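First up is the structure itself, then whatever we jot down about it.
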Amino acid sequence: MVWEYLGYFASALLVASLMMEDVTKLRWFNLAGCICFTLYGLAISAWPVAFTNGLLSFVNIYHLIKLAKKNSATADIKADS
């Protein structure tokens with residue numbers, strides 16, 4: 001029963017992520033939800049849930065790194081102006 005709450009929490013994080021206007025916040029909330037769903041999937045031996053959300057966690061990390069580099073480059077350009 002405790003694991004079920006983790007699944008609900010993960011669902012809430014994913015829904016919240018899709019309500020974000022800021023893409024960076026969206027990615028962070030989505031990453032947190034994916035990590036929770038990965039743990040949930042592992043806990044209940046739902047391998048497709050764990051695998052898919054584990055993979056999506058890496059996708060979110062990739063995009064967060066890409067956004068950070070873009071923001072850094074934008075800050076550098078503004079500093080040079």
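We label chains A, B, ... in the order they appear in the structure tokens, count residues from 1 in each chain, and number ligands from 1 in the order shown.
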Which residues, written as a list in words, have at least one atom at most 6 Å from segment 1-17 of chain A, with only C-alpha atoms counted and residues fewer than 5 positions away on the same chain left out?
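Using only C-alpha atoms, the neighbours found are Leu26, Phe29, Asn30, Gly33, Cys36, Phe37 and Tyr40 of chain A.
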Write out, as a short mmCIF file (atom, residue, chain, number, x, y, z; two decimals), in the first residue's frame, the residues just selected, with C-alpha atoms.
data_model
loop_
_atom_site.label_atom_id
_atom_site.label_comp_id
_atom_site.auth_asym_id
_atom_site.auth_seq_id
_atom_site.Cartn_x
_atom_site.Cartn_y
_atom_site.Cartn_z
CA LEU A 26 8.52 21.50 -16.59
CA PHE A 29 9.02 18.36 -12.26
CA ASN A 30 8.85 15.76 -15.02
CA GLY A 33 7.96 12.31 -11.50
CA CYS A 36 9.42 8.40 -8.57
CA PHE A 37 7.74 6.23 -11.20
CA TYR A 40 7.60 2.66 -7.99
#
Would you mind reading off the distance between atom CA of His63 of chain A and atom CA of Ser45 of chain A, one decimal, in Å?
28.1 Å
Closest to Tyr62 of chain A among A:Met19, A:Val49, A:Leu31, A:Ala43, using only C-alpha atoms?
A:Leu31
Between A:Leu42, A:Cys34, A:Ala73, A:Ala68, which residue has the minimum interatomic distance to Leu55 of chain A, considering only C-alpha atoms?
A:Cys34
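With distances restricted to only C-alpha atoms, A:Ile61 is the closest residue to Arg27 of chain A from A:Ala46, A:Leu39, A:Ala75, A:Ile61.
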What is the distance between atom CA of Phe58 of chain A and atom CA of Ile35 of chain A, in Å to one decimal?
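So the answer is 9.8 Å.
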Interatomic distance between atom CA of Ser72 of chain A and atom CA of Asn53 of chain A?
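Distance reported for this atom pair: 28.1 Å.
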